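Novice: Attaching a single structure in structure tokens format; questions to follow.
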Amino acid sequence: MKKPYEIIKELESNNSRLFKESVILREMKMGNDAFFEGANLACDKLKTFGVKKVPISKNLNGNTNWEKFKVFLNNLMNRNITGNNAKEHINNFIKTTNMDEWNYFYRRILIKDLRCGVSEKTINNVAKKNNFEKYQIAVFNCQLAQDSELHQKKLVGKKIIEVKLDGVRVITILYKSGNVVLFSRNGKELNNFDHIADQFKETIKKNPLSESLVIDGEIVSKNFQELMKQIYRKDSVQNSDAILYVFDYLTLKDFKSGISNVKQLDRISMLSKWFELNRLDLKNLKLMSREFIDLETTEGKNIFKNFNNCAVEKGYEGIMIKDPNAYYECKRSTAWLKSKPVIEVSLKVKSIEEGTGRNAGKLGAISVEGEDNNKFFQLSVGSGFSDKQRIEFWERKKDLIGQIIEVKADAITKSQDGEFWSLRFPRFKTFRGFKKSEKL
């Protein structure tokens, strides 16, 4: 039977999906439990080890027992071993483990990346097709919203409405042991917000948990572009100005099972009680505000309309519409609907930029600026043009300077330097006139 690191090397040798699946199936038939135990530890997003940098080994000798290494991994997961103690254990394993075994298998488990073109999805597909259920790996999922435009019939009756923040979704796991881990919606561990994790940890110290919890929310910072840079940093430089707005609450057990049978209204009530109990320790956490409406009434419809308009005026991404009686399901569901308004802004053309690649010698983007609704905008518009328009506008580029164009976008945002306003996903709609500064 092949050793796990030999299998990973083999999987790296060929990019073909069918090849990788054939190797995985072969090892399933061989009953290679060590390889699949390691794959499970590497690919299950909820299994974290609390180590950020794991050295590469150059040691040619050694052979660490897999069972012994699993004990170490379990201690890391439970945070029985942390900090310098964890580093010392890792260095000891490097000294006693063969280079290939460490670099291709043990290290890749610790960094949560097999790096051979195989994910939990790949392994699960093979396991399901061939009845090897024991090798399936838990998939990280959270509840996601459907587009309200596609489900107009659902916009009836009693609803809960919230603004849709211009941030990044964060799933926070509060372990009753006191450990706290923040994840993105697709299971990426977020290591750049220690100030928020520490505040959660303080609540567990003062008010111990009877069971592990999941707090669902959205993290926002001074502007969306800076936040996205921070989320995808490879190092752990901290973003201490970020604030987490929390809006849902369920047990970790239910989250792992994929559904919480507690109604939305009751989950909000439980979250509010938890928040009030821990308010003093939550300086960078806020409870999401909301409105309760009945869309069967004139009053409810008016509140909904005003709430939506207000969200647009304040530059939010849109609004969320939630069913008060719905369960939390870890999938895209009509229990949550998102309404994202299309914003239209008229701005003056300042310059025309040539494209690259297939758009070389044609229009690439139009730089625009101007005031709209008491906000001064400055941005570049590079999408929404047909191929014909890119050719025509590039030929007429001198004539277009100073003309007014209408730009469609999903949301109003602050520019990267914070001095001007910008737009999320700006698209060209049309010219508003035929002369400079003309707006028809």
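How things are named: the first chain in the structure tokens is A, the next is B, and so on; residues count from 1 in each chain; ligands count from 1 in the order shown.
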Near Gly384 in chain A, within 8 Å and counting only C-alpha atoms, which residues show up once chain neighbours fewer than 2 positions away are dropped, as JSON, numbers by chain?
Specialist: {"A": [382, 386, 427, 428, 429]}
Novice: Going by DSSP on the backbone, which residues of range 261-428 of chain A come out as helix (DSSP H, G or I)? List them as a count of residues only.
Specialist: 50
Novice: Using only C-alpha atoms, determine which residues lie at most 10 Å from Phe385 in chain A, disregarding the query and same-chain residues fewer than 3 positions distant; provide the list as a list in words.
Specialist: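 My reading of the contact set: Leu363, Gly364, Ala365, Val381, Gly382, Lys388, Gln389, Arg390, Ile391, Phe393, Arg427, Phe428, Lys429 and Thr430 of chain A.
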Novice: Write out the residues from the selection above, keeping N, CA, C and O atoms, as a short mmCIF file (atom, residue, chain, number, x, y, z; two decimals), in the first residue's frame.
Specialist:
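What follows is the written file selection-v7.cif:
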data_model
loop_
_atom_site.label_atom_id
_atom_site.label_comp_id
_atom_site.auth_asym_id
_atom_site.auth_seq_id
_atom_site.Cartn_x
_atom_site.Cartn_y
_atom_site.Cartn_z
N LEU A 363 -11.52 51.06 -27.16
CA LEU A 363 -11.81 51.61 -25.84
C LEU A 363 -11.63 50.54 -24.77
O LEU A 363 -12.11 49.41 -24.90
N GLY A 364 -10.90 50.90 -23.73
CA GLY A 364 -10.77 50.01 -22.57
C GLY A 364 -11.68 50.45 -21.44
O GLY A 364 -12.46 49.68 -20.90
N ALA A 365 -11.58 51.75 -21.09
CA ALA A 365 -12.40 52.28 -20.00
C ALA A 365 -12.54 53.79 -20.16
O ALA A 365 -11.74 54.45 -20.84
N VAL A 381 -14.97 53.48 -15.62
CA VAL A 381 -16.03 52.57 -16.08
C VAL A 381 -15.46 51.73 -17.22
O VAL A 381 -15.14 52.26 -18.29
N GLY A 382 -15.35 50.43 -17.01
CA GLY A 382 -14.72 49.58 -18.02
C GLY A 382 -15.60 48.48 -18.56
O GLY A 382 -15.15 47.66 -19.37
N LYS A 388 -18.80 46.86 -30.74
CA LYS A 388 -19.01 47.94 -31.71
C LYS A 388 -18.79 49.29 -31.06
O LYS A 388 -18.17 50.19 -31.63
N GLN A 389 -19.32 49.46 -29.83
CA GLN A 389 -19.15 50.73 -29.11
C GLN A 389 -17.69 50.98 -28.76
O GLN A 389 -17.21 52.12 -28.83
N ARG A 390 -16.95 49.94 -28.40
CA ARG A 390 -15.54 50.12 -28.06
C ARG A 390 -14.75 50.67 -29.26
O ARG A 390 -13.85 51.50 -29.10
N ILE A 391 -15.08 50.18 -30.43
CA ILE A 391 -14.40 50.66 -31.65
C ILE A 391 -14.84 52.09 -31.95
O ILE A 391 -14.01 52.99 -32.18
N PHE A 393 -16.30 54.43 -29.99
CA PHE A 393 -15.95 55.43 -28.99
C PHE A 393 -14.45 55.74 -29.02
O PHE A 393 -14.04 56.86 -28.75
N ARG A 427 -21.23 50.09 -14.72
CA ARG A 427 -21.40 49.67 -16.12
C ARG A 427 -21.92 50.85 -16.94
O ARG A 427 -22.78 51.60 -16.47
N PHE A 428 -21.41 50.99 -18.13
CA PHE A 428 -21.89 52.03 -19.05
C PHE A 428 -23.33 51.73 -19.45
O PHE A 428 -23.67 50.61 -19.80
N LYS A 429 -24.18 52.78 -19.41
CA LYS A 429 -25.56 52.62 -19.88
C LYS A 429 -25.78 53.37 -21.19
O LYS A 429 -26.14 52.78 -22.20
N THR A 430 -25.52 54.68 -21.16
CA THR A 430 -25.75 55.47 -22.37
C THR A 430 -25.15 56.85 -22.21
O THR A 430 -24.82 57.27 -21.10
#
Novice: Residues at most 9 Å from Gly50 in chain A, counting only C-alpha atoms, excluding those fewer than 5 positions away in the same chain, as a ChimeraX atom specification?
Specialist: /A:76-77,79,82-83,86,110,181
Novice: So how far away is CA of Asn261 in chain A from CA of Asn131 in chain A, in Å?
Specialist: 29.3 Å
Novice: May I ask which of the residues A:Ile401, A:Leu379, A:Ile319, A:Ile215 is the closest one to Glu419 in chain A, counting only C-alpha atoms?
Specialist: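 With only C-alpha atoms as the atom set, the closest residue is A:Leu379.
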Novice: Might you pull out every residue within 8 Å of Asp281 in chain A, with only C-alpha atoms counted and same-chain residues fewer than 3 positions away left off, and present them as a list of chain:residue names?
Specialist: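 Near Asp281 in chain A, the qualifying residues are A:Gln199, A:Phe200, A:Glu202, A:Thr203, A:Asn278.
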Novice: Quick one: pick out all strand (DSSP E or B) residues within range 145-292 of chain A from a backbone DSSP run and write them as a ChimeraX atom specification.
Specialist: /A:145-147,158-164,168-174,180-183,189,213-220,243-251,259-260,285-287,291-292
Novice: With only C-alpha atoms as the counted atoms, please give the residues lying no more than 7 Å from Val342 in chain A, apart from itself and same-chain residues fewer than 4 positions off, as an MDAnalysis selection string.
Specialist: chainID A and resid 408:410
Novice: Would you save the residues of that selection, restricted to N, CA and C atoms, as an mmCIF file, in the first residue's frame?
Specialist:
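As written to disk, selection04.cif reads:
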data_model
loop_
_atom_site.group_PDB
_atom_site.id
_atom_site.type_symbol
_atom_site.label_atom_id
_atom_site.label_comp_id
_atom_site.auth_asym_id
_atom_site.auth_seq_id
_atom_site.Cartn_x
_atom_site.Cartn_y
_atom_site.Cartn_z
ATOM 1 N N LYS A 408 -24.598 52.694 -14.616
ATOM 2 C CA LYS A 408 -25.356 51.812 -13.709
ATOM 3 C C LYS A 408 -24.388 51.148 -12.740
ATOM 4 N N ALA A 409 -24.848 50.899 -11.520
ATOM 5 C CA ALA A 409 -23.991 50.253 -10.523
ATOM 6 C C ALA A 409 -24.851 49.572 -9.473
ATOM 7 N N ASP A 410 -24.179 48.745 -8.634
ATOM 8 C CA ASP A 410 -24.902 48.010 -7.599
ATOM 9 C C ASP A 410 -24.958 48.752 -6.274
#
Novice: List the spatial neighbours of range 32-47 of chain A as a list in words - criterion: any atom at most 6 Å away, only C-alpha atoms, same-chain residues fewer than 6 positions off excluded.
Specialist: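 Counting only the stated atoms, we get Pro4, Ile109, Lys112, Asp113, Glu120, Ile137, Ala138 and Gly187 of chain A.
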Novice: Kindly indicate which residue among A:Val180, A:Leu400, A:Ile7, A:Leu155 lies nearest to Ile204 in chain A, using only C-alpha atoms for the distances.
Specialist: A:Val180
Novice: Using only C-alpha atoms, which residue out of A:Phe132, A:Phe307, A:Phe140, A:Tyr104 lies closest to Ile24 in chain A?
Specialist: A:Phe132
